[in-house]
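Peer 1: Can you read through this structure? Questions will come right after.
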Amino acid sequence: MARLRRILWLGLKEMISLSRDWVMLGLLAYSFTFGLIMEATGTSTSVNNASIAFVDEDGSPLSRALAAAFMAPEFQPVEYIAAAEANRAMDRDRYLFIVAVPPSFEADILAGRSPEIQVQVDATAMEQAGIGAGYIQNILAAEILRFSASPVGARSPRVNLVLHSAFNPNRDTVKFQSIVSLISHITMLTIILTGAALIREREHGTIEHLLALPVTPFDIAIAKIWANGAIVLVVSTLSLLMIVEGVLQVRIEGSRLLFLTGAALYMFSATALGTFLATIARSMAQFALLIILTIMPMQMLSGGDTPVEGQPDWLQPLTLILPSRHFISFSQAIIYKGAGIENVWDEFLAVTVLGLALLAGSLALFRRSITLVD
Amino acid sequence: MTGAPLRVDGVSHQYGRITALRDVSLEIAPASLTGLIGPDGVGKSTLLGLLTGAKQLQSGRIDVFGGDIGRFSHRRRIAHRIAFMPQGLGKNLYPELSVHENLDFFGRLFVHDDAHRDARIRHLLTATGLAPFPNRPAANLSGGMKQKLGLCCALIHDPDLLVLDEPTTGIDPLSRQQFWELIASIRRSRPHITMVVATAQMDEAAHFDSLVAIADGQILCSGTPAQITARTATDSLEDAYRRLQVNSRPAEPLIVPPQDDGEDEEIISAYGLTRKFGDFVAVDDVSFSISRGEIFGFLGSNGCGKSTTMKILTGLLPASAGEAFMLGRPVDAHDLEARRHVGYMSQAFSLYGELSVRQNLNLHARIFEIPPAERRRRVNELIDRFGLTDCAAIRADALPLGLRQRLSLGVAVIHEPSVLILDEPTSGVDPEARDDFWRLLIELSRRDGVTIFLSTHFMAEAERCDRVSLMHDGRVLACDTPARLIAEASADTLEEAFIAKLKEGEPAGTSAPIGMPEASTEQAGHALFSLERLTAFTRRETIEVLRDPVRLAFAVFGPALLMIVFCFGISLDIEDLDFAVFDLSQSPESRAYVSAIEGSRYFNPTAPLTSPEEGRQRLIDGKVSLVVEIPPGFGRKHLTGSPVDVMATVDGAIPFKGETVEGYVAGLHESYLAEQRLERGLDEARPARIETRFRYNQSFESIAAIAPAMPAILLIMLPAILAATSIARERELGSIVNFYVTPTNRVEFLVGKQLPYMAIAFVNFLLMAAMADWAFGVPLKGALTPVIVGAFLFVWASTAFGLVVSTLTSSQVAAVFATALASIIPTIQFSGLLQPVSTLEGGARIIGSLWPASYFLHLNVGAFTKGLGWEGLLPDIAALAVFGPAFTVIAACAMRGQER
């Protein structure tokens with residue numbers, strides 16, 4: 001009991017300290033408001049405003065109709081270029097897509113000669129190239145079909161594919177990106193806040209001072225974990241309600257409480273990771289470098305920015321040791337798909353176990369790290 | 001010109017709302033040794049900083065060598081005639097560099113030719129007794145040796161004005177004596193040199209030519225030492241100074257009442273304590289014992305092992321050998337109970353600065369579980385007794401040093417401990433505050449019977465202890481009452497006794513000062529720009545990086561490591577997705593349809609579904625990414641050609657993945673139909689064929705785009721961070737003052753420090769290009785030379801960007817995060833990694849086109865994946881060539897040449 005009270009007071013001390021640290025408060029406020037909004041609305045992963053050119057060697061009404069079928073917001077207005085320019089223009093990145101309509105294209109279609117229309121795609125633009133090529137194919141096929149309107153043979157199969165997109169039918173990238181950003185800010189700030197709080201105490205010598213009192217390293221670490229975790233949890237809850245739901249108008253399918261419970265568990269492992277990194281680093285500057293080398297790979301490999309399925313087979317199981325991978329996975333399930341506890345309990349458990357392991361690791365290094373100061 | 005005095009006229013200086021100097025005017029005669037005296041925090045350092053041009057003048061005027069030091073052109077002209085040793089042991093030195101390398105660096109700044117410089121270095125080392133250790137890193141020197149080396153570095157260019165800020169604070173008395181002997185010998189061999197020295201130690205000031213007493217930012221009085229003591233009718237300068245202070249109380253002599261006899265119970269005892277850090281022995285076989293109610297002092301210089309011994313006693317550090325007992329129990333780090341009887345005050349102020357005085361006391365009372373009523377009583381009593389009533393609600397870090405020390409003591413006794421361990425409790429406070437502090441200690445010891453163990457480097461303080469232990473180099477030289485120590489050495493003062501003990505241990509004659517070398521005839525350092533100064537910075541930075549394992553590892557392996565992670569992590573080639581089928585038809589035709597999906601490399605089947613709800617659940621669980629529902633009668637309708645709908649539900653939670661899966665399904669569906677038509681012999685041609693060609697990357701693997709993009713992404717960020725921290729680090733450690741007070745100009749300083757990081761970044765680029773080929777199978781298809789030229793220009797730009805950021809940040813942490821934040825967003829979002837620059841709009845387009853990574857990314861993708869040559873890459877190279885020089889110019893303009 002006495003110990004719990006000690007931990008409580010040490011944690012409250014953290015909060016008072018933070019309330020007077022304008023830089024950290026500013027970083028918190030910025031990340032969870034403007035930073036989040038900018039990231040959520042700034043990028044679009046689907047095809048948007050793509051540059052496209054036509055090499056129109058036919059010049060027929062059909063070829064012009066084809067060009068007119070490409071519209072905003074997916075495409076920029078079509079530009080016409082000469083055949084000779086095509087390669088150079090694509091080398092220079094002027095256009096992502098170049099559609100080449102051969103001479104007498106319309107006439108050949110009318111004569112049933114099945115001419116070939118060529119689409120060149122700059123395959124170095126990874127996100128847009130594949131999806132955009134699909135769009136273009138569909139648009140061209142639909143236009144040509146409408147033009148030719150040839151009757152379908154009687155016995156040919158008429159299987160129709162009806163595509164549904166579950167959970168996010170409108171391809172709303174803001175919805176996706178806002179949650180990804182929220183998660184990455186939670187990760188980054190929790191780790192920085194906790195780690196910096198510990199290193200600052202060490203650099204100011206206050207941790208030594210504490211250890212000469214009847215306080216164990218465990219008390220200090222737990223106080224930091226609960227206090228900083230609680231701060232980020234409150235800020236991210238506000239951000240979820242006011243920025244994500246309020247300003248960005250994102251609908252949350254599942255239970256907010258469930259998401260926040262999961263976030264609290266994740267906060268525990270992220271604060272433990274922050275403590276762990278702080279015990280390894282000898283100075284604030286080293287901590288900062290260490291953060292770059294850990295947070296960036298964590299974000300990259302956790303499936304927030306790019307799907308985990310894209311990783312090589314040997315890597316996918318390894319990334320399961322990243323708490324953030326589980327956090328992203330269950331957050332997406334709850335927020336986009338309305339998953340309940342029965343769908344995500346295993347990931348909640350994984351995050352907790354990883355947090356405990358990190359806490360054990362940092363406690364083991366804690367006392368040693370204090371002697372490194374000098 | 002040498003004959004002109006230094007004239008300070010109406011100078012005031014503010015730090016925010018705090019006034020450091022208030023309308024100070026004074027004149028310093030040429031070729032004199034003038035002392036600025038006063039305790040810490042009265043404005044001495046500020047005045048010296050202004051005098052040397054290290055600090056920017058805010059108001060008033062200072063003339064040095066017949067010109068206004070506030071004018072840039074004059075500062076430049078006279079910089080090589082001034083030398084400045086800032087406060088703090090070895091503050092102007094570079095700790096990783098050896099003795100010789102430090103001197104060599106300073107020598108090169110003043111453009112001596114090699115032979116000349118070497119001769120001078122040798123001479124200085126011999127004169128100061130440092131000659132036996134040319135290769136020892138400055139960090140491993142004792143305090144006294146650091147100060148001697150600092151002096152050598154200041155003298156290397158033979159200055160006419162030597163400014164020393166508290167040069168002997170914290171060093172042992174023998175070194176102190178030697179230091180002043182050295183100064184005297186310099187004055188003998190170079191009689192025209194003007195010296196200005198700040199000191200808080202009045203005894204040494206007594207030997208100066210003239211003195212200026214400063215308190216609270218104002219001059220109290222000036223004159224020769226004799227004049228000052230005469231004017232105040234006192235015997236010593238210390239008393240004189242006290243008398244001069246405006247609101248000084250009448251000096252009550254501090255009397256330590258004798259200790260009651262009869263109590264001989266041992267409270268603290270140590271037997272053969274030893275503590276090693278690696279090879280370094282910090283505490284060497286230390287034994288002592290302290291009895292109840294005694295005030296026991298450890299006297300010694302900084303770094304002699306006092307703090308380490310105290311940490312061992314509090315259980316903060318384990319001893320390497322020996323044992324210690326506290327209150328009859330062995331010291332044990334895990335013994336929480338023992339800590340309830342001990343109060344500890346560590347060397348640096350270690351309370352929570354953001355908490356108020358009362359909050360600090362309350363927090364500690366709570367940690368000791370003092371019941372609430374008792375706690376309130378104790379806290380109020382302490383606030384009252386320690387004279388903190390007026391500032392109880394003020395943040396601790398806003399208090400003056402003297403009050404902070406009292407608060408620290410209050411915190412240390414909140415739980416009424418029977419033992420107090422105080423590590424240098426009074427360093428830095430003025431004599432009056434020190435006496436107040438001691439009154440509290442005496443009360444605690446004599447009235448409450450608290451055993452007090454304190455450390456100090458002040459002789460006067462040690463004389464007040466019941467017993468003292470003289471420490472040097474981790475060993476106890478002697479331990480007894482001050483009176484007996486003095487008597488035993490047949491000395492007059494404790495200081496002499498200490499020096500006598502130190503001399504016993506030291507081989508005689510190692511550092512007998514000899515005459516200083518004569519001035520070099522050439523007076524160099526006038527050139528506006530000197531390549532030699534620039535390379536001096538480059539050399540030094542290179543040595544430092546090579547000796548810092550963490551920075552070196554980050555610099556060399558960071559980019560390669562991140563490249564591996566990114567190349568595996570950012571993959572947009574999605575394969576082996578799980579899918580499930582709800583087949584209501586169960587016909588050969590439906591099975592054929594499903595096997596068309598299964599057969600592709602994109603999808604793997606999972607157990608068939610039994611209800612649509614199950615499909616939904618699996619999508620929610622993330623077990624499958626696609627659910628295909630085949631309606632009843634599919635087989636029949638398929639055969640007869642009547643229309644039938646197949647439902648495909650895609651997990652669209654992640655838009656990119658959803659769209660990709662939809663594309664896969666649609667494609668598989670189309671090819672299934674085409675196959676069916678072929679099978680049935682229906683060569684019913686489509687009106688036109690649409691042929692899609694993926695240029696540059698036929699197999700459409702994302703690695704072909706990602707791998708060449710990596711150098712642009714990582715080499716904008718990491719080298720910039722390193723360059724920015726290298727500047728911020730000098731600010732943090734204080735060595736940037738060497739840039740302020742030497743003739744070094746901004747470009748020499750910035751570019752000199754930038755070059756090593758450019759070289760590292762360039763090597764990184766070669767490594768990453770090789771990795772792209774060998775590890776990720778993305779060889780360079782285009783021309784090599786333009787890529788090399790582009791890489792060179794790019795690393796120039798990125799390191800120069802780091803310099804720009806560094807001019808705005810003051811700490812290393814701020815430099816890291818500011819550089820990372822400033823570079824990540826434009827690089828990831830607007831440089832064409834995710835979205836080609838050609839598809840960006842508005843502000844994003846503008847940022848993208850003003851950011852070097854856009855061009856380098858474009859250049860690399862063009863050269864590696866598109867196979868372009870000079871002609872195709874030239875526009876990017878031309879754009880890149882602008883950034884490096886532009887950033888360098890911006891950084892040089894934004895860099896301050898003086899401290900604020």
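Residue numbering restarts at 1 in every chain; chains get A, B, ... in the order shown in the structure tokens, and ligands count up from 1 in that same order.
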Within 10 Å of range 256-258 of chain A, counting only C-alpha atoms, which residues qualify if same-chain residues fewer than 3 places away don't, as a list in words?
Peer 2: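 Returned residues: Thr237, Leu240, Leu241, Ile252, Glu253, Thr261, Gly262, Ala263, Ala264, Phe330, Ser331, Ile334, Ile335, Gly338, Ala339, Gly340, Ile341 and Val344 of chain A.
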Peer 1: Counting only C-alpha atoms, what is within 10 Å of Thr274 in chain B, bar same-chain residues fewer than 4 positions away, as a list in words?
Peer 2: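 Using only C-alpha atoms, the neighbours found are Val281, Ala282, Val283, Asp284, Asp285, Val286, Ser287, Gly305, Thr308, Thr309, Ile312, Pro318, Ala319, Ser320, Ala321, Gly322, Glu323, Gly474 and Arg475 of chain B.
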Peer 1: Can you write out the residues you just picked, keeping C-alpha atoms, as a PDB file, in the first residue's frame?
Peer 2:
```
ATOM      1  CA  VAL B 281      40.783   3.533 -10.232  1.00  0.00           C
ATOM      2  CA  ALA B 282      38.470   6.194  -8.848  1.00  0.00           C
ATOM      3  CA  VAL B 283      38.704   5.135  -5.224  1.00  0.00           C
ATOM      4  CA  ASP B 284      41.806   3.337  -4.064  1.00  0.00           C
ATOM      5  CA  ASP B 285      41.811   1.484  -0.752  1.00  0.00           C
ATOM      6  CA  VAL B 286      40.004   4.107   1.304  1.00  0.00           C
ATOM      7  CA  SER B 287      39.354   3.500   4.994  1.00  0.00           C
ATOM      8  CA  GLY B 305      37.097  10.213  -5.668  1.00  0.00           C
ATOM      9  CA  THR B 308      32.383   8.086  -5.718  1.00  0.00           C
ATOM     10  CA  THR B 309      33.107   7.171  -2.100  1.00  0.00           C
ATOM     11  CA  ILE B 312      29.288   3.759  -2.410  1.00  0.00           C
ATOM     12  CA  PRO B 318      28.732  -1.082  -5.601  1.00  0.00           C
ATOM     13  CA  ALA B 319      32.340  -1.136  -4.395  1.00  0.00           C
ATOM     14  CA  SER B 320      34.835  -3.154  -6.431  1.00  0.00           C
ATOM     15  CA  ALA B 321      36.546  -4.198  -3.211  1.00  0.00           C
ATOM     16  CA  GLY B 322      36.431  -3.472   0.517  1.00  0.00           C
ATOM     17  CA  GLU B 323      33.434  -3.053   2.747  1.00  0.00           C
ATOM     18  CA  GLY B 474      41.367   8.270  -5.098  1.00  0.00           C
ATOM     19  CA  ARG B 475      43.558   7.870  -2.028  1.00  0.00           C
TER      20      ARG B 475
END
```
Peer 1: Just give me the gap between CA of Thr168 in chain B and CA of Leu470 in chain B in Å, one decimal is fine.
Peer 2: 18.2 Å
Peer 1: From the set A:Met24, A:Ile136, A:Ile231, A:Ile98, which residue has the shortest atom-to-atom contact distance to Val47 in chain A, counting only C-alpha atoms?
Peer 2: A:Ile136
Peer 1: Do you have the CA of Ala138 in chain B-CA of Ser301 in chain B distance handy?
Peer 2: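 Value for the CA of Ala138 in chain B-CA of Ser301 in chain B distance: 17.0 Å.
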Peer 1: Can you tell me which residues surround Leu193 in chain A at a distance of at most 8 Å, considering only C-alpha atoms, apart from same-chain residues fewer than 4 positions away, and format the answer as a list in words?
Peer 2: Met24, Leu189, Ala197, Asn228 and Gly274 of chain A
Peer 1: Using the selection just defined, write its residues with C-alpha atoms as a compact mmCIF listing (two decimals), in the first residue's frame.
Peer 2:
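New file out16.txt:
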```
# COMPACT_ATOMS: atom_id res chain seq x y z
CA MET A 24 7.00 18.73 -24.93
CA LEU A 189 5.33 10.35 -28.40
CA ALA A 197 11.80 11.83 -18.82
CA ASN A 228 3.41 9.03 -19.27
CA GLY A 274 10.92 3.98 -24.07
```
Peer 1: I'd like the contact shell of range 117-132 of chain A - 8 Å cut-off, only C-alpha atoms, skipping same-chain residues fewer than 5 positions apart - returned as an NGL selection string.
Peer 2: (:A and (45-47 or 50 or 90 or 95-102)) or (:B and (572 or 656 or 659-660 or 663 or 688-698 or 700 or 702 or 704-705 or 833-836 or 861 or 865))
Peer 1: Tell me, as number ranges by chain, which residues lie within 9 Å of Thr785 in chain B, counting only C-alpha atoms; anything in the same chain fewer than 3 positions away does not count.
Peer 2: B: 788-790, 869-870
Peer 1: Give me the residues near range 2-7 of chain A as a list in words, where near means some atom within 8 Å (using only C-alpha atoms) and where sequence neighbours in that chain fewer than 4 positions away do not count.
Peer 2: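 Here the qualifying residues turn out to be Gly11, Asp219, Ile220, Ile222 and Ala223 of chain A; Arg366, Ile367 and Glu369 of chain B.
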Peer 1: Those same residues - C-alpha atoms - I'd like them written as a PDB file, in the first residue's frame.
Peer 2:
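Once everything was written out, this is selection35.pdb:
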```pdb
ATOM      1  CA  GLY A  11       3.829   9.622 -11.146  1.00  0.00           C
ATOM      2  CA  ASP A 219       8.945   2.026  -8.391  1.00  0.00           C
ATOM      3  CA  ILE A 220      10.604   4.656 -10.565  1.00  0.00           C
ATOM      4  CA  ILE A 222       6.380   1.982 -12.961  1.00  0.00           C
ATOM      5  CA  ALA A 223       5.711   5.576 -11.959  1.00  0.00           C
TER       6      ALA A 223
ATOM      7  CA  ARG B 366       5.455  11.305   0.926  1.00  0.00           C
ATOM      8  CA  ILE B 367       8.227   9.073  -0.329  1.00  0.00           C
ATOM      9  CA  GLU B 369       5.616   7.862   4.155  1.00  0.00           C
TER      10      GLU B 369
END
```
Peer 1: Which residues in range 204-365 of chain A does DSSP call alpha helix (DSSP H)? List them as a PyMOL selection string.
Peer 2: chain A and resi 206-211+217-238+256-280+284-301+315-318+323-337+341-365
Peer 1: Would you compute the distance between CA of Gly35 in chain B and CA of Leu47 in chain B? Give it in Å to one decimal.
Peer 2: 12.0 Å
Peer 1: Can you work out which one of A:Gly229, A:Gly246, A:Pro61, A:Gly205 has the shortest atom-to-atom distance to Thr33 in chain A, counting only C-alpha atoms?
Peer 2: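 Selected residue with least distance to Thr33 in chain A: A:Gly246.
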Peer 1: May I have the residues within 10 Å of range 227-229 of chain B as a list in words, using only C-alpha atoms and disregarding those fewer than 3 positions away in the same chain?
Peer 2: Ala206, Ser210, Leu211, Val212, Ala213, Cys221, Ser222, Gly223, Thr224, Thr232, Ala233, Thr234, Asp235, Ser236, Leu237, Glu238, Asp239, Ala240, Tyr241, Arg243 and Leu244 of chain B
Peer 1: Between B:Ser269, B:Ala487, B:Ala580, B:Val816, which one has atoms that come closest to Ile291 in chain A, using only C-alpha atoms?
Peer 2: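 Closest to Ile291 in chain A, using only C-alpha atoms: B:Val816.
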Peer 1: DSSP on the backbone: which residues in range 650-885 of chain B end up as strand (DSSP E or B)? Give the answer as a list in words.
Peer 2: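 Everything in range 650-885 of chain B that counts as strand (DSSP E or B) is Val650, Asp651, Arg689, Ile690, Glu691, Thr692, Arg693, Phe694 and Arg695 of chain B.
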